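This is work12.txt (compact mmCIF, C-alpha atoms).
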```txt
# COMPACT_ATOMS: atom_id res chain seq x y z
CA MET A 18 -53.63 173.29 136.21
CA THR A 19 -50.92 171.00 134.96
CA ARG A 20 -47.78 170.41 137.02
CA THR A 21 -45.85 172.60 134.60
CA GLU A 22 -48.33 175.45 135.04
CA LYS A 23 -48.25 175.03 138.80
CA ALA A 24 -44.45 175.11 138.79
CA ALA A 25 -44.46 178.32 136.74
CA PHE A 26 -46.85 179.97 139.22
CA VAL A 27 -44.76 178.81 142.19
CA LEU A 28 -41.56 180.14 140.65
CA LYS A 29 -43.12 183.51 139.79
CA THR A 30 -44.57 183.90 143.28
CA LEU A 31 -41.39 182.93 145.09
CA ASN A 32 -39.24 185.23 142.95
CA LYS A 33 -41.49 188.11 143.98
CA LEU A 34 -41.45 187.22 147.67
CA TYR A 35 -37.79 186.22 147.99
CA PRO A 36 -35.75 187.67 145.12
CA HIS A 37 -32.43 187.25 146.94
CA PRO A 38 -32.75 184.59 149.67
CA ALA A 39 -29.82 184.33 152.05
CA ILE A 40 -28.44 181.01 153.23
CA PRO A 41 -30.00 180.62 156.70
CA LEU A 42 -26.94 178.94 158.21
CA ASP A 43 -24.13 181.34 159.15
CA HIS A 44 -20.80 180.34 157.60
CA THR A 45 -17.68 181.80 156.00
CA ASP A 46 -16.47 179.02 153.70
CA ALA A 47 -17.22 175.51 152.46
CA TYR A 48 -15.96 173.88 155.64
CA THR A 49 -17.96 175.98 158.09
CA LEU A 50 -21.04 175.49 155.89
CA LEU A 51 -20.50 171.72 155.93
CA VAL A 52 -20.21 171.72 159.72
CA ALA A 53 -23.33 173.87 160.09
CA VAL A 54 -25.38 171.62 157.79
CA VAL A 55 -24.31 168.49 159.69
CA LEU A 56 -25.39 170.18 162.93
CA SER A 57 -28.73 171.21 161.43
CA ALA A 58 -30.06 167.63 161.26
CA GLN A 59 -33.22 167.60 163.42
CA CYS A 60 -32.26 171.03 164.73
CA THR A 61 -33.36 174.56 163.86
CA ASP A 62 -31.07 176.87 161.90
CA LYS A 63 -31.50 179.42 164.69
CA LYS A 64 -30.06 177.03 167.27
CA VAL A 65 -27.21 176.02 164.95
CA ASN A 66 -26.32 179.68 164.45
CA GLU A 67 -26.16 180.10 168.24
CA VAL A 68 -23.81 177.14 168.65
CA THR A 69 -21.41 177.52 165.71
CA PRO A 70 -19.71 180.74 166.91
CA VAL A 71 -18.64 178.91 170.08
CA LEU A 72 -17.50 175.87 168.10
CA PHE A 73 -15.70 177.87 165.41
CA ALA A 74 -13.89 179.94 168.05
CA LYS A 75 -12.09 176.70 168.90
CA ALA A 76 -12.12 174.93 165.53
CA ARG A 77 -12.82 176.80 162.31
CA THR A 78 -10.73 174.48 160.12
CA PRO A 79 -10.60 170.73 159.51
CA LYS A 80 -7.14 170.63 161.10
CA ALA A 81 -8.33 172.28 164.30
CA MET A 82 -11.50 170.16 164.50
CA ALA A 83 -9.57 166.93 163.95
CA ALA A 84 -7.22 167.94 166.77
CA MET A 85 -10.09 168.41 169.23
CA ASP A 86 -11.28 165.66 171.52
CA VAL A 87 -14.64 164.19 170.45
CA ASP A 88 -16.02 164.76 173.96
CA ALA A 89 -15.04 168.42 173.82
CA ILE A 90 -16.89 168.82 170.51
CA ARG A 91 -19.91 167.04 171.96
CA GLU A 92 -20.12 169.38 174.95
CA ILE A 93 -20.22 172.44 172.68
CA ILE A 94 -22.81 171.10 170.25
CA LYS A 95 -25.17 169.53 172.83
CA PRO A 96 -27.88 172.19 172.26
CA CYS A 97 -28.21 170.96 168.65
CA GLY A 98 -29.24 167.46 169.71
CA LEU A 99 -27.83 164.10 168.58
CA SER A 100 -24.49 165.33 169.91
CA PRO A 101 -22.82 161.89 170.34
CA ALA A 102 -23.29 161.04 166.66
CA LYS A 103 -22.69 164.57 165.37
CA SER A 104 -19.48 165.05 167.36
CA LYS A 105 -18.06 161.78 166.00
CA ALA A 106 -19.11 162.78 162.48
CA LEU A 107 -17.50 166.23 162.69
CA HIS A 108 -14.27 164.79 164.09
CA GLY A 109 -14.21 161.98 161.54
CA LEU A 110 -15.01 164.05 158.46
CA SER A 111 -12.44 166.65 159.49
CA ARG A 112 -9.77 163.97 159.83
CA ILE A 113 -10.63 162.52 156.41
CA ILE A 114 -10.59 165.98 154.80
CA MET A 115 -7.07 166.45 156.18
CA GLU A 116 -5.83 162.98 155.24
CA LYS A 117 -7.49 162.47 151.86
CA HIS A 118 -8.31 165.93 150.53
CA GLY A 119 -5.39 168.11 151.58
CA GLY A 120 -7.44 170.05 154.11
CA ARG A 121 -10.06 171.18 151.58
CA VAL A 122 -13.71 170.21 151.43
CA PRO A 123 -14.09 167.95 148.39
CA GLY A 124 -16.14 169.33 145.52
CA SER A 125 -18.03 166.27 144.32
CA PHE A 126 -21.18 164.52 145.52
CA GLU A 127 -19.40 161.16 145.70
CA GLU A 128 -16.56 162.41 147.89
CA LEU A 129 -18.84 164.43 150.14
CA GLU A 130 -21.28 161.57 150.66
CA ALA A 131 -18.37 159.32 151.62
CA LEU A 132 -17.69 161.53 154.65
CA PRO A 133 -19.12 160.53 158.07
CA GLY A 134 -22.48 162.15 158.80
CA VAL A 135 -22.89 163.49 155.26
CA GLY A 136 -25.89 162.25 153.32
CA HIS A 137 -27.22 163.32 149.94
CA LYS A 138 -29.12 166.33 151.28
CA THR A 139 -26.09 167.69 153.15
CA ALA A 140 -23.88 167.11 150.11
CA SER A 141 -26.44 168.89 147.93
CA VAL A 142 -26.45 171.97 150.17
CA VAL A 143 -22.65 172.19 150.12
CA MET A 144 -22.41 171.58 146.38
CA SER A 145 -25.05 174.21 145.60
CA GLN A 146 -24.19 176.93 148.12
CA ALA A 147 -20.42 176.51 148.49
CA PHE A 148 -19.47 175.43 144.97
CA GLY A 149 -22.33 176.78 142.85
CA VAL A 150 -23.16 173.39 141.36
CA PRO A 151 -26.88 173.05 140.52
CA ALA A 152 -28.53 170.86 143.15
CA PHE A 153 -31.92 170.59 144.81
CA PRO A 154 -31.57 169.68 148.49
CA VAL A 155 -34.95 168.45 149.74
CA ASP A 156 -35.66 169.03 153.42
CA THR A 157 -38.93 168.51 155.30
CA HIS A 158 -40.27 171.93 154.23
CA ILE A 159 -39.64 171.29 150.54
CA HIS A 160 -40.94 167.72 150.71
CA ARG A 161 -44.16 168.89 152.38
CA LEU A 162 -44.77 171.84 150.06
CA ALA A 163 -44.04 169.91 146.87
CA TRP A 164 -46.83 167.52 147.85
CA ARG A 165 -49.23 170.28 148.91
CA TRP A 166 -48.74 172.06 145.61
CA GLY A 167 -49.23 168.90 143.57
CA LEU A 168 -45.69 168.99 142.22
CA SER A 169 -44.77 165.55 143.57
CA THR A 170 -46.42 162.42 144.95
CA GLY A 171 -44.76 162.83 148.34
CA LYS A 172 -43.77 159.16 148.44
CA SER A 173 -40.13 159.90 149.31
CA VAL A 174 -37.66 162.77 149.40
CA GLU A 175 -35.79 161.05 146.58
CA GLN A 176 -38.87 161.11 144.36
CA THR A 177 -39.62 164.72 145.33
CA GLU A 178 -36.11 165.73 144.29
CA LYS A 179 -36.51 164.01 140.91
CA ASP A 180 -39.91 165.59 140.31
CA LEU A 181 -38.75 169.10 141.18
CA LYS A 182 -35.64 168.80 139.03
CA ARG A 183 -37.84 167.84 136.08
CA LEU A 184 -40.23 170.75 136.63
CA PHE A 185 -37.85 173.64 137.25
CA PRO A 186 -34.97 174.92 135.08
CA LYS A 187 -31.56 173.88 136.39
CA HIS A 188 -30.37 177.47 136.77
CA THR A 189 -33.15 178.12 139.33
CA TRP A 190 -32.45 175.19 141.66
CA ASN A 191 -29.89 176.72 144.02
CA THR A 192 -32.03 179.78 144.73
CA LEU A 193 -35.38 177.99 144.55
CA HIS A 194 -34.70 175.49 147.30
CA LEU A 195 -33.93 178.39 149.65
CA GLN A 196 -37.05 180.26 148.54
CA ILE A 197 -39.25 177.25 149.27
CA ILE A 198 -37.71 176.84 152.73
CA TYR A 199 -38.42 180.47 153.62
CA PHE A 200 -41.94 180.23 152.22
CA GLY A 201 -42.65 177.07 154.19
CA ARG A 202 -41.59 178.71 157.44
CA GLU A 203 -43.47 181.96 156.88
CA HIS A 204 -46.58 181.02 154.90
CA CYS A 205 -46.99 177.24 154.71
CA PRO A 206 -46.12 175.61 158.07
CA ALA A 207 -46.76 171.97 158.89
CA LYS A 208 -49.34 172.82 161.56
CA LYS A 209 -52.11 175.44 161.83
CA HIS A 210 -51.94 176.09 158.11
CA ASP A 211 -54.91 177.64 156.33
CA PRO A 212 -54.60 176.95 152.59
CA ARG A 213 -57.26 179.59 151.86
CA VAL A 214 -54.88 182.40 152.83
CA CYS A 215 -51.61 180.81 151.72
CA PRO A 216 -50.35 182.76 148.65
CA ILE A 217 -49.56 179.55 146.79
CA CYS A 218 -51.85 176.86 148.24
CA LYS A 219 -54.96 178.94 147.56
CA VAL A 220 -54.10 178.80 143.85
CA VAL A 221 -52.41 175.43 143.26
CA GLY A 222 -53.03 173.50 146.49
CA ARG A 223 -54.35 169.94 146.43
CA LYS A 224 -58.09 169.55 147.02
CA GLU A 225 -57.33 167.44 150.08
CA LEU A 226 -55.94 170.48 151.86
CA PHE A 227 -59.29 172.26 151.68
CA ARG A 228 -61.31 169.22 152.74
CA GLU A 229 -59.31 169.11 155.98
CA LYS A 230 -60.72 172.50 157.01
```
When written as structure tokens, how does the structure in this file appear?
Amino acid sequence: MTRTEKAAFVLKTLNKLYPHPAIPLDHTDAYTLLVAVVLSAQCTDKKVNEVTPVLFAKARTPKAMAAMDVDAIREIIKPCGLSPAKSKALHGLSRIIMEKHGGRVPGSFEELEALPGVGHKTASVVMSQAFGVPAFPVDTHIHRLAWRWGLSTGKSVEQTEKDLKRLFPKHTWNTLHLQIIYFGREHCPAKKHDPRVCPICKVVGRKELFREK
């Protein structure tokens, strides 16, 4: 199968399995989504969703977060890991949003990526899910699966993003990245994965996957 044929099969399969995938991070607006995505670095969505209600009870807006003490933020978000860096990032980005963007989360990649603690992946999630701009955030699940399915070389997340954007229509990106994440968790995990029973790997998986078994 060519990469194009593989991509078509992947898209068809994922649309059947996850026709309407929900955003796994609980949020109510662009700001709470941004905060949740920053917290999700090296942390599970489940844990983030346990922590954010406590945090948002005290600071649901950039103004309230910027007014909080960094140490107070850190104490709340400790369960998410990397709390010293994340607390400084949340405080700093909230202050910048108030000072430079009138209290609103900026709606461009450049402005988002200029905020503390916000890289390209985080900006891509916010742009796609909060503002509806086509983007393809590549996390560890997507990076792993794109390689397993022969859709990318797996050399870097940047290359994976470029490869996937070339293979899939732009209007599918915002839903597709969520579908791949759900599929990776439920059918194609990093460990104890049997490609022979995986709905996608058994059809388009790299030969290397089967030699490992």
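Picture a line from CA of Glu128 (chain A) to CA of Ala140 (chain A); it runs 9.0 Å.
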So which residues fall inside 6 Å of (-26.9, 171.5, 147.7) if we count only C-alpha atoms? Mind giving them as JSON, numbers by chain? {"A": [140, 141, 142, 143, 144, 145, 152, 153, 154]}
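We find CA of Arg223 (chain A) and CA of Arg165 (chain A) to be spaced 5.7 Å apart.
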Long-range neighbours of region 41-52 of chain A as number ranges by chain, 7 Å cut-off, all atoms listed in the file, 3 positions minimum in chain: A: 55-56, 62, 66, 77-78, 107, 122, 143, 147
Export C-alpha atoms of the chosen residues as an mmCIF file, keeping the file's coordinate frame?
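Listing of result_24.cif after writing:
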```cif
data_model
loop_
_atom_site.group_PDB
_atom_site.id
_atom_site.type_symbol
_atom_site.label_atom_id
_atom_site.label_comp_id
_atom_site.auth_asym_id
_atom_site.auth_seq_id
_atom_site.Cartn_x
_atom_site.Cartn_y
_atom_site.Cartn_z
ATOM 1 C CA VAL A 55 -24.310 168.490 159.690
ATOM 2 C CA LEU A 56 -25.390 170.180 162.930
ATOM 3 C CA ASP A 62 -31.070 176.870 161.900
ATOM 4 C CA ASN A 66 -26.320 179.680 164.450
ATOM 5 C CA ARG A 77 -12.820 176.800 162.310
ATOM 6 C CA THR A 78 -10.730 174.480 160.120
ATOM 7 C CA LEU A 107 -17.500 166.230 162.690
ATOM 8 C CA VAL A 122 -13.710 170.210 151.430
ATOM 9 C CA VAL A 143 -22.650 172.190 150.120
ATOM 10 C CA ALA A 147 -20.420 176.510 148.490
#
```
Mind running region 139-163 of chain A against region 22-38 of chain A at 12 Å and telling me each contacting residue's nearest atom pair with the distance in Å (one decimal), counting only C-alpha atoms, chain and number ascending, as CSV?
```
residue,atom,partner,partner_atom,distance
A:Gln146,CA,A:Pro38,CA,11.6
A:Leu162,CA,A:Val27,CA,10.5
A:Ala163,CA,A:Ala24,CA,9.6
```
Using all atoms listed in the file, which of A:Lys179, A:Trp164, A:Leu99, A:Gly136 sits nearest Lys224 (chain A)? A:Trp164
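Comparing A:His160, A:Pro186, A:Pro133, A:Ala74 by their smallest distance to Lys172 (chain A), the closest is A:His160 (using only C-alpha atoms).
Ranking A:Pro79, A:Ile94, A:Val155, A:Leu195 by their shortest atom-to-atom distance to Gln176 (chain A), with all atoms listed in the file included, puts A:Val155 first.
CA of Lys103 (chain A) lies 19.7 Å from CA of Glu116 (chain A).
Each of A:Ser104, A:Ile90, A:Lys80, A:His210 was compared to Gly119 (chain A) using all atoms listed in the file, and A:Lys80 turns out to be the nearest.
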Selection near Leu226 (chain A), 10 Å with all atoms listed in the file, sequence-local residues under 3 positions removed, as a list in words: Arg165, Trp166, His210, Asp211, Pro212, Arg213, Cys218, Lys219, Gly222, Arg223, Glu229 and Lys230 of chain A
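Residues surrounding Val65 (chain A) within 8 Å are Leu42, Ala53, Leu56, Ser57, Cys60, Thr61, Thr69 and Cys97 of chain A [all atoms listed in the file; sequence separation below 4 positions excluded].
Considering the residues A:Ile113, A:Gly167, A:Thr21, A:Ser173 and counting all atoms listed in the file, Val221 (chain A) has its shortest atom-to-atom contact with A:Gly167.
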Find, counting only C-alpha atoms, the residue in A:Lys63, A:Lys182, A:His108, A:Lys117 that gets nearest to Pro96 (chain A). A:Lys63
Selecting C-alpha atoms, how would region 90-117 of chain A from this structure be written as a compact mmCIF listing (two decimals), in the first residue's frame?
```txt
# COMPACT_ATOMS: atom_id res chain seq x y z
CA ILE A 90 -0.46 27.81 42.10
CA ARG A 91 2.35 25.30 42.52
CA GLU A 92 0.75 23.70 45.58
CA ILE A 93 -2.50 23.09 43.68
CA ILE A 94 -0.91 21.68 40.53
CA LYS A 95 1.71 19.46 42.23
CA PRO A 96 -0.09 16.23 41.24
CA CYS A 97 0.52 17.10 37.57
CA GLY A 98 4.30 17.07 37.96
CA LEU A 99 6.84 19.72 36.91
CA SER A 100 4.94 22.10 39.19
CA PRO A 101 7.75 24.67 39.69
CA ALA A 102 8.04 25.31 35.95
CA LYS A 103 4.31 24.99 35.22
CA SER A 104 3.28 27.35 38.02
CA LYS A 105 5.69 30.02 36.76
CA ALA A 106 4.43 29.49 33.21
CA LEU A 107 0.76 29.80 34.18
CA HIS A 108 1.41 32.93 36.22
CA GLY A 109 3.58 34.47 33.51
CA LEU A 110 1.32 33.72 30.55
CA SER A 111 -1.69 35.01 32.48
CA ARG A 112 0.10 38.27 33.23
CA ILE A 113 1.11 38.68 29.58
CA ILE A 114 -2.44 37.94 28.39
CA MET A 115 -3.67 40.72 30.69
CA GLU A 116 -0.94 43.20 29.76
CA LYS A 117 -0.58 42.58 26.03
```
